[in-house]
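Note: the block below is protein10.pdb and it holds PDB, C-alpha atoms and all ligand atoms.
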```pdb
ATOM      1  CA  MET A   1      -3.647 -14.953  20.426  1.00  0.00           C
ATOM      2  CA  ARG A   2      -1.741 -11.680  20.006  1.00  0.00           C
ATOM      3  CA  TYR A   3      -3.577  -8.868  18.266  1.00  0.00           C
ATOM      4  CA  ALA A   4      -2.556  -5.455  16.908  1.00  0.00           C
ATOM      5  CA  ILE A   5      -4.622  -2.320  16.403  1.00  0.00           C
ATOM      6  CA  CYS A   6      -3.448   0.885  14.778  1.00  0.00           C
ATOM      7  CA  TYR A   7      -5.481   4.088  14.536  1.00  0.00           C
ATOM      8  CA  VAL A   8      -5.177   7.830  14.200  1.00  0.00           C
ATOM      9  CA  SER A   9      -7.471  10.336  15.925  1.00  0.00           C
ATOM     10  CA  THR A  10      -8.054  14.024  16.561  1.00  0.00           C
ATOM     11  CA  ALA A  11      -7.453  15.387  20.039  1.00  0.00           C
ATOM     12  CA  LYS A  12     -10.151  17.430  21.771  1.00  0.00           C
ATOM     13  CA  ALA A  13      -9.634  21.051  20.687  1.00  0.00           C
ATOM     14  CA  ASP A  14      -8.900  22.400  24.157  1.00  0.00           C
ATOM     15  CA  LEU A  15      -6.642  19.566  25.325  1.00  0.00           C
ATOM     16  CA  GLU A  16      -3.739  21.343  27.035  1.00  0.00           C
ATOM     17  CA  LYS A  17      -0.147  20.127  26.949  1.00  0.00           C
ATOM     18  CA  PRO A  18      -0.122  19.034  30.636  1.00  0.00           C
ATOM     19  CA  GLU A  19      -3.235  16.934  29.958  1.00  0.00           C
ATOM     20  CA  VAL A  20      -1.518  15.310  26.981  1.00  0.00           C
ATOM     21  CA  GLU A  21       1.562  14.650  29.110  1.00  0.00           C
ATOM     22  CA  ASN A  22      -0.605  13.100  31.849  1.00  0.00           C
ATOM     23  CA  LEU A  23      -2.331  10.891  29.330  1.00  0.00           C
ATOM     24  CA  LEU A  24       0.967   9.729  27.819  1.00  0.00           C
ATOM     25  CA  ASP A  25       2.420   9.019  31.282  1.00  0.00           C
ATOM     26  CA  TYR A  26      -0.671   7.130  32.407  1.00  0.00           C
ATOM     27  CA  THR A  27      -0.762   5.125  29.188  1.00  0.00           C
ATOM     28  CA  SER A  28       2.876   4.082  29.174  1.00  0.00           C
ATOM     29  CA  ASN A  29       2.701   3.097  32.860  1.00  0.00           C
ATOM     30  CA  PHE A  30      -0.476   1.100  32.432  1.00  0.00           C
ATOM     31  CA  ASN A  31       0.533  -0.557  29.176  1.00  0.00           C
ATOM     32  CA  ASN A  32       4.047  -1.432  30.263  1.00  0.00           C
ATOM     33  CA  SER A  33       2.710  -3.100  33.393  1.00  0.00           C
ATOM     34  CA  HIS A  34      -0.005  -5.031  31.489  1.00  0.00           C
ATOM     35  CA  ASP A  35       2.071  -6.420  28.608  1.00  0.00           C
ATOM     36  CA  ILE A  36       0.467  -4.047  26.114  1.00  0.00           C
ATOM     37  CA  ARG A  37       3.062  -2.981  23.556  1.00  0.00           C
ATOM     38  CA  GLY A  38       3.281  -0.423  20.773  1.00  0.00           C
ATOM     39  CA  VAL A  39       3.365   3.375  20.648  1.00  0.00           C
ATOM     40  CA  LEU A  40       1.194   6.387  21.379  1.00  0.00           C
ATOM     41  CA  LEU A  41       2.313   9.585  19.675  1.00  0.00           C
ATOM     42  CA  TYR A  42       0.798  13.046  19.888  1.00  0.00           C
ATOM     43  CA  SER A  43       1.533  15.667  17.265  1.00  0.00           C
ATOM     44  CA  GLU A  44      -0.179  19.004  16.694  1.00  0.00           C
ATOM     45  CA  GLY A  45      -3.649  17.940  17.783  1.00  0.00           C
ATOM     46  CA  ASN A  46      -3.543  14.346  16.556  1.00  0.00           C
ATOM     47  CA  PHE A  47      -2.853  10.954  18.061  1.00  0.00           C
ATOM     48  CA  PHE A  48      -1.288   7.900  16.439  1.00  0.00           C
ATOM     49  CA  GLN A  49      -1.454   4.661  18.365  1.00  0.00           C
ATOM     50  CA  ILE A  50      -0.392   1.079  17.907  1.00  0.00           C
ATOM     51  CA  LEU A  51      -1.619  -1.391  20.527  1.00  0.00           C
ATOM     52  CA  GLU A  52      -0.422  -4.961  20.612  1.00  0.00           C
ATOM     53  CA  GLY A  53      -1.210  -7.593  23.200  1.00  0.00           C
ATOM     54  CA  ASP A  54      -3.562 -10.382  24.192  1.00  0.00           C
ATOM     55  CA  LYS A  55      -6.487 -10.132  21.749  1.00  0.00           C
ATOM     56  CA  LYS A  56      -9.330  -9.986  24.288  1.00  0.00           C
ATOM     57  CA  PHE A  57      -7.495  -7.468  26.441  1.00  0.00           C
ATOM     58  CA  VAL A  58      -6.549  -5.228  23.481  1.00  0.00           C
ATOM     59  CA  LEU A  59     -10.098  -5.224  22.099  1.00  0.00           C
ATOM     60  CA  GLU A  60     -11.543  -4.317  25.502  1.00  0.00           C
ATOM     61  CA  LEU A  61      -8.965  -1.573  25.976  1.00  0.00           C
ATOM     62  CA  PHE A  62      -9.645  -0.168  22.504  1.00  0.00           C
ATOM     63  CA  ASP A  63     -13.391  -0.102  23.298  1.00  0.00           C
ATOM     64  CA  GLN A  64     -12.605   2.002  26.330  1.00  0.00           C
ATOM     65  CA  ILE A  65     -10.184   4.256  24.425  1.00  0.00           C
ATOM     66  CA  GLN A  66     -12.804   4.899  21.745  1.00  0.00           C
ATOM     67  CA  LYS A  67     -15.206   6.184  24.409  1.00  0.00           C
ATOM     68  CA  ASP A  68     -12.622   8.626  25.776  1.00  0.00           C
ATOM     69  CA  ASN A  69     -13.765  12.208  25.165  1.00  0.00           C
ATOM     70  CA  ARG A  70     -10.201  13.501  24.928  1.00  0.00           C
ATOM     71  CA  HIS A  71     -10.231  12.519  21.252  1.00  0.00           C
ATOM     72  CA  HIS A  72     -12.600  11.869  18.324  1.00  0.00           C
ATOM     73  CA  ASN A  73     -12.505  11.090  14.554  1.00  0.00           C
ATOM     74  CA  ILE A  74     -10.937   7.754  15.355  1.00  0.00           C
ATOM     75  CA  ILE A  75      -9.812   6.077  12.140  1.00  0.00           C
ATOM     76  CA  GLN A  76      -8.728   2.502  12.588  1.00  0.00           C
ATOM     77  CA  VAL A  77      -6.158   1.467   9.995  1.00  0.00           C
ATOM     78  CA  LEU A  78      -5.248  -1.963  11.329  1.00  0.00           C
ATOM     79  CA  GLY A  79      -6.885  -4.721  13.374  1.00  0.00           C
ATOM     80  CA  LYS A  80      -5.030  -7.954  12.959  1.00  0.00           C
ATOM     81  CA  ASP A  81      -4.184 -11.297  14.553  1.00  0.00           C
ATOM     82  CA  LEU A  82      -0.451 -11.766  14.953  1.00  0.00           C
ATOM     83  CA  LYS A  83       1.387 -15.077  14.991  1.00  0.00           C
ATOM     84  CA  GLN A  84       3.832 -13.566  17.439  1.00  0.00           C
ATOM     85  CA  GLY A  85       4.318 -10.281  19.248  1.00  0.00           C
ATOM     86  CA  ALA A  86       5.838  -7.549  17.102  1.00  0.00           C
ATOM     87  CA  PHE A  87       6.858  -4.881  19.587  1.00  0.00           C
ATOM     88  CA  ASP A  88       9.434  -4.534  22.337  1.00  0.00           C
ATOM     89  CA  GLY A  89       7.557  -2.416  24.845  1.00  0.00           C
ATOM     90  CA  PHE A  90       5.315   0.624  24.980  1.00  0.00           C
ATOM     91  CA  LYS A  91       6.488   4.145  24.089  1.00  0.00           C
ATOM     92  CA  ALA A  92       4.421   7.305  24.480  1.00  0.00           C
ATOM     93  CA  GLU A  93       5.748  10.620  23.211  1.00  0.00           C
ATOM     94  CA  ILE A  94       4.916  14.089  21.969  1.00  0.00           C
ATOM     95  CA  VAL A  95       6.286  14.643  18.482  1.00  0.00           C
ATOM     96  CA  THR A  96       7.355  18.272  18.208  1.00  0.00           C
ATOM     97  CA  SER A  97       8.906  20.316  15.426  1.00  0.00           C
ATOM     98  CA  ARG A  98      12.150  19.919  17.356  1.00  0.00           C
ATOM     99  CA  ASN A  99      12.268  16.147  17.697  1.00  0.00           C
ATOM    100  CA  LYS A 100      10.490  15.071  14.513  1.00  0.00           C
ATOM    101  CA  TYR A 101      13.720  15.268  12.538  1.00  0.00           C
ATOM    102  CA  ASP A 102      15.550  13.289  15.213  1.00  0.00           C
ATOM    103  CA  TYR A 103      16.650  10.369  13.088  1.00  0.00           C
ATOM    104  CA  GLU A 104      17.310   8.051  16.028  1.00  0.00           C
ATOM    105  CA  LEU A 105      13.858   8.633  17.473  1.00  0.00           C
ATOM    106  CA  VAL A 106      12.133   8.057  14.153  1.00  0.00           C
ATOM    107  CA  LYS A 107      14.220   4.952  13.609  1.00  0.00           C
ATOM    108  CA  GLU A 108      13.063   3.695  17.000  1.00  0.00           C
ATOM    109  CA  TYR A 109       9.398   4.159  16.043  1.00  0.00           C
ATOM    110  CA  MET A 110      10.005   2.379  12.741  1.00  0.00           C
ATOM    111  CA  GLU A 111      11.827  -0.477  14.461  1.00  0.00           C
ATOM    112  CA  GLN A 112       8.721  -0.972  16.589  1.00  0.00           C
ATOM    113  CA  VAL A 113       6.840  -1.885  13.425  1.00  0.00           C
ATOM    114  CA  GLU A 114       9.409  -4.273  12.006  1.00  0.00           C
ATOM    115  CA  GLY A 115       7.995  -7.415  13.619  1.00  0.00           C
ATOM    116  CA  LEU A 116       4.820  -7.142  11.524  1.00  0.00           C
ATOM    117  CA  ASP A 117       4.413  -8.995   8.244  1.00  0.00           C
ATOM    118  CA  PRO A 118       5.829  -6.997   5.291  1.00  0.00           C
ATOM    119  CA  GLN A 119       2.509  -5.762   3.902  1.00  0.00           C
ATOM    120  CA  THR A 120       1.132  -4.621   7.255  1.00  0.00           C
ATOM    121  CA  GLN A 121       4.499  -3.137   8.074  1.00  0.00           C
ATOM    122  CA  GLN A 122       4.352  -1.011   4.922  1.00  0.00           C
ATOM    123  CA  THR A 123       0.856   0.260   5.678  1.00  0.00           C
ATOM    124  CA  VAL A 124       1.698   1.195   9.244  1.00  0.00           C
ATOM    125  CA  LYS A 125       5.033   2.750   8.260  1.00  0.00           C
ATOM    126  CA  ARG A 126       3.404   4.909   5.612  1.00  0.00           C
ATOM    127  CA  ILE A 127       0.876   6.260   8.085  1.00  0.00           C
ATOM    128  CA  LEU A 128       3.562   6.788  10.674  1.00  0.00           C
ATOM    129  CA  GLU A 129       5.685   8.683   8.141  1.00  0.00           C
ATOM    130  CA  VAL A 130       2.817  10.978   7.263  1.00  0.00           C
ATOM    131  CA  PHE A 131       2.031  11.414  10.937  1.00  0.00           C
ATOM    132  CA  ILE A 132       5.527  12.502  11.882  1.00  0.00           C
ATOM    133  CA  ASP A 133       6.034  14.225   8.545  1.00  0.00           C
ATOM    134  CA  THR A 134       9.554  13.036   7.822  1.00  0.00           C
ATOM    135  CA  ARG A 135       9.326  12.481   4.111  1.00  0.00           C
TER     136      ARG A 135
HETATM  137  C1  LIG A 201      -5.636   8.772  22.436  1.00  0.00           C
HETATM  138  C2  LIG A 201      -5.819   7.966  23.686  1.00  0.00           C
HETATM  139  C3  LIG A 201      -5.107   6.783  23.836  1.00  0.00           C
HETATM  140  C4  LIG A 201      -5.210   6.032  25.007  1.00  0.00           C
HETATM  141  N1  LIG A 201      -4.500   4.873  25.114  1.00  0.00           N
HETATM  142  C5  LIG A 201      -4.573   4.164  26.252  1.00  0.00           C
HETATM  143  C6  LIG A 201      -3.825   2.970  26.410  1.00  0.00           C
HETATM  144  O1  LIG A 201      -3.111   2.533  25.508  1.00  0.00           O
HETATM  145  N2  LIG A 201      -3.902   2.309  27.598  1.00  0.00           N
HETATM  146  C7  LIG A 201      -4.690   2.752  28.623  1.00  0.00           C
HETATM  147  O2  LIG A 201      -4.725   2.114  29.673  1.00  0.00           O
HETATM  148  N3  LIG A 201      -5.420   3.874  28.491  1.00  0.00           N
HETATM  149  C8  LIG A 201      -5.377   4.592  27.341  1.00  0.00           C
HETATM  150  N4  LIG A 201      -6.123   5.736  27.217  1.00  0.00           N
HETATM  151  C9  LIG A 201      -6.948   6.156  28.355  1.00  0.00           C
HETATM  152  C10 LIG A 201      -8.253   5.404  28.409  1.00  0.00           C
HETATM  153  O3  LIG A 201      -9.154   5.936  27.471  1.00  0.00           O
HETATM  154  C11 LIG A 201      -8.858   5.521  29.832  1.00  0.00           C
HETATM  155  O4  LIG A 201      -8.874   6.842  30.251  1.00  0.00           O
HETATM  156  C12 LIG A 201      -8.038   4.711  30.804  1.00  0.00           C
HETATM  157  O5  LIG A 201      -8.032   3.376  30.395  1.00  0.00           O
HETATM  158  C13 LIG A 201      -8.559   4.820  32.237  1.00  0.00           C
HETATM  159  O6  LIG A 201      -9.878   4.444  32.289  1.00  0.00           O
HETATM  160  P1  LIG A 201     -10.758   4.752  33.586  1.00  0.00           P
HETATM  161  O7  LIG A 201     -10.625   6.245  33.784  1.00  0.00           O
HETATM  162  O8  LIG A 201     -12.120   4.326  33.200  1.00  0.00           O
HETATM  163  O9  LIG A 201     -10.129   3.969  34.669  1.00  0.00           O
HETATM  164  C14 LIG A 201      -6.059   6.485  26.043  1.00  0.00           C
HETATM  165  C15 LIG A 201      -6.792   7.655  25.866  1.00  0.00           C
HETATM  166  C16 LIG A 201      -6.677   8.398  24.713  1.00  0.00           C
HETATM  167  C17 LIG A 201      -7.456   9.671  24.560  1.00  0.00           C
END
```

Spit out the file's structure as structure tokens when you get a sec.
Amino acid sequence: MRYAICYVSTAKADLEKPEVENLLDYTSNFNNSHDIRGVLLYSEGNFFQILEGDKKFVLELFDQIQKDNRHHNIIQVLGKDLKQGAFDGFKAEIVTSRNKYDYELVKEYMEQVEGLDPQTQQTVKRILEVFIDTR
């Protein structure tokens, strides 16, 4: 069974940019080699993540992520069984004031969500829009 989780969280106050970059690199390498799909975005002290993969594996990974002291205030907005996988691969990026208006990039994030059922898609898209502040 495929499963999807979406959450937002607050990064540790003193998390430096190189540490964020390391985390994003590690995460995309690990996830892409373990058939975990979705996105991990960092923007001005916050994380937004969608994880999709084998249910047991995703739940175990999320348990581990929740214990990670590099972030807190984890608010889960989605935890759902999926009939089929919704995402193409895993993307991890820092959203900056420079690239947040990059239409192609935003479109790519939105396309990631399009395999979800319409209602879930709307919820996730709305949160993603607020997160990257493109409205
Ligand atoms: C916001 C955030 C998201 C993370 N997402 C993932 C992830 O998707 N996949 C992953 O393997 N590790 C992720 N991690 C890192 C894990 O919490 C953990 O450090 C990693 O699995 C290595 O665990 P280990 O140090 O016990 O081997 C994330 C950490 C944070 C703070």

Report as CSV the residues of chain A within 8 Å of ligand LIG 201 (chain A), each with its shortest atom pair and distance in Å (one decimal), using only C-alpha atoms and all ligand atoms, ordered by chain and increasing residue number.
```
residue,atom,partner,partner_atom,distance
A:Ser9,CA,A:LIG201,C1,6.9
A:Ala11,CA,A:LIG201,C1,7.3
A:Leu23,CA,A:LIG201,C15,6.5
A:Leu24,CA,A:LIG201,C4,7.7
A:Tyr26,CA,A:LIG201,N3,7.0
A:Thr27,CA,A:LIG201,N2,4.5
A:Ser28,CA,A:LIG201,N2,7.2
A:Phe30,CA,A:LIG201,O2,5.2
A:Asn31,CA,A:LIG201,N2,5.5
A:Ile36,CA,A:LIG201,O1,7.5
A:Leu40,CA,A:LIG201,C3,6.8
A:Phe47,CA,A:LIG201,C1,5.6
A:Phe48,CA,A:LIG201,C1,7.5
A:Gln49,CA,A:LIG201,C3,6.9
A:Leu51,CA,A:LIG201,O1,6.5
A:Leu61,CA,A:LIG201,N2,6.6
A:Phe62,CA,A:LIG201,C5,7.7
A:Gln64,CA,A:LIG201,O3,5.4
A:Ile65,CA,A:LIG201,O3,3.6
A:Gln66,CA,A:LIG201,O3,6.9
A:Lys67,CA,A:LIG201,O3,6.8
A:Asp68,CA,A:LIG201,O3,4.7
A:Asn69,CA,A:LIG201,C17,6.8
A:Arg70,CA,A:LIG201,C17,4.7
A:His71,CA,A:LIG201,C17,5.2
```

Expanded to explicit residues, what is the PyMOL selection byres (((chain A and resi 52) around 8) and not hetatm) for this file, as JSON, numbers by chain? {"A": [2, 3, 4, 5, 36, 37, 38, 50, 51, 53, 54, 58, 85, 86, 87]}

With all atoms listed in the file as the basis for distance, which of A:Phe131, A:Asn32, A:Gly45, A:Lys91 is at the shortest distance from Ala13 in chain A? A:Gly45

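Note that the spacing between CA of Met1 in chain A and CA of Gln84 in chain A amounts to 8.2 Å.
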
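Residue nearest Ala92 in chain A within the list A:Asp14, A:Pro118, A:Leu105, A:Ile127: A:Leu105 [criterion: smallest interatomic distance, only C-alpha atoms].
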
Explicit residue set for the PyMOL selection byres (((chain A and resi 97) around 10) and not hetatm), as a short mmCIF file (atom, residue, chain, number, x, y, z; two decimals) with C-alpha atoms, in the frame of the given file:
```cif
data_model
loop_
_atom_site.label_atom_id
_atom_site.label_comp_id
_atom_site.auth_asym_id
_atom_site.auth_seq_id
_atom_site.Cartn_x
_atom_site.Cartn_y
_atom_site.Cartn_z
CA SER A 43 1.53 15.67 17.26
CA GLU A 44 -0.18 19.00 16.69
CA ILE A 94 4.92 14.09 21.97
CA VAL A 95 6.29 14.64 18.48
CA THR A 96 7.36 18.27 18.21
CA ARG A 98 12.15 19.92 17.36
CA ASN A 99 12.27 16.15 17.70
CA LYS A 100 10.49 15.07 14.51
CA TYR A 101 13.72 15.27 12.54
CA ASP A 102 15.55 13.29 15.21
CA ILE A 132 5.53 12.50 11.88
CA ASP A 133 6.03 14.22 8.54
#
```

Point (2.6, -10.6, 12.0) neighbourhood (8 Å, only C-alpha atoms) written as an MDAnalysis selection string: chainID A and resid 81:86 115:117 120

For a quick check of understanding, using all atoms listed in the file, which of A:Gln121, A:Val106, A:His72, A:Leu41 has the smallest distance to Asp25 in chain A?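 Ranking A:Gln121, A:Val106, A:His72, A:Leu41 by distance to Asp25 in chain A, first place goes to A:Leu41.
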
In terms of the shortest atom-to-atom distance over all atoms listed in the file, which of A:Glu108, A:Val113, A:Lys17, A:Asp63 is closest to Gln76 in chain A?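 Checking each of A:Glu108, A:Val113, A:Lys17, A:Asp63 against Gln76 in chain A, counting all atoms listed in the file, the winner is A:Asp63.
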
Is it possible to get the axis-aligned box enclosing range 56-73 of chain A (all listed atoms, 3 Å extra per side) as JSON, with centre and edge lengths in Å rounded to one decimal?
```
{"center_x": -10.9, "center_y": 1.8, "center_z": 20.5, "size_x": 14.7, "size_y": 29.5, "size_z": 17.9}
```

Among the residues A:Gly89, A:Arg126, A:Thr10, A:Ile75, the one that comes closest to His34 in chain A [using only C-alpha atoms]: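 Checking each of A:Gly89, A:Arg126, A:Thr10, A:Ile75 against His34 in chain A, counting only C-alpha atoms, the winner is A:Gly89.
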
Ranking A:Glu111, A:Glu93, A:Glu129, A:Glu104 by minimum distance to Asn22 in chain A and counting only C-alpha atoms, which one comes first?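 Looking at the shortest contact to Asn22 in chain A, the residue is A:Glu93.
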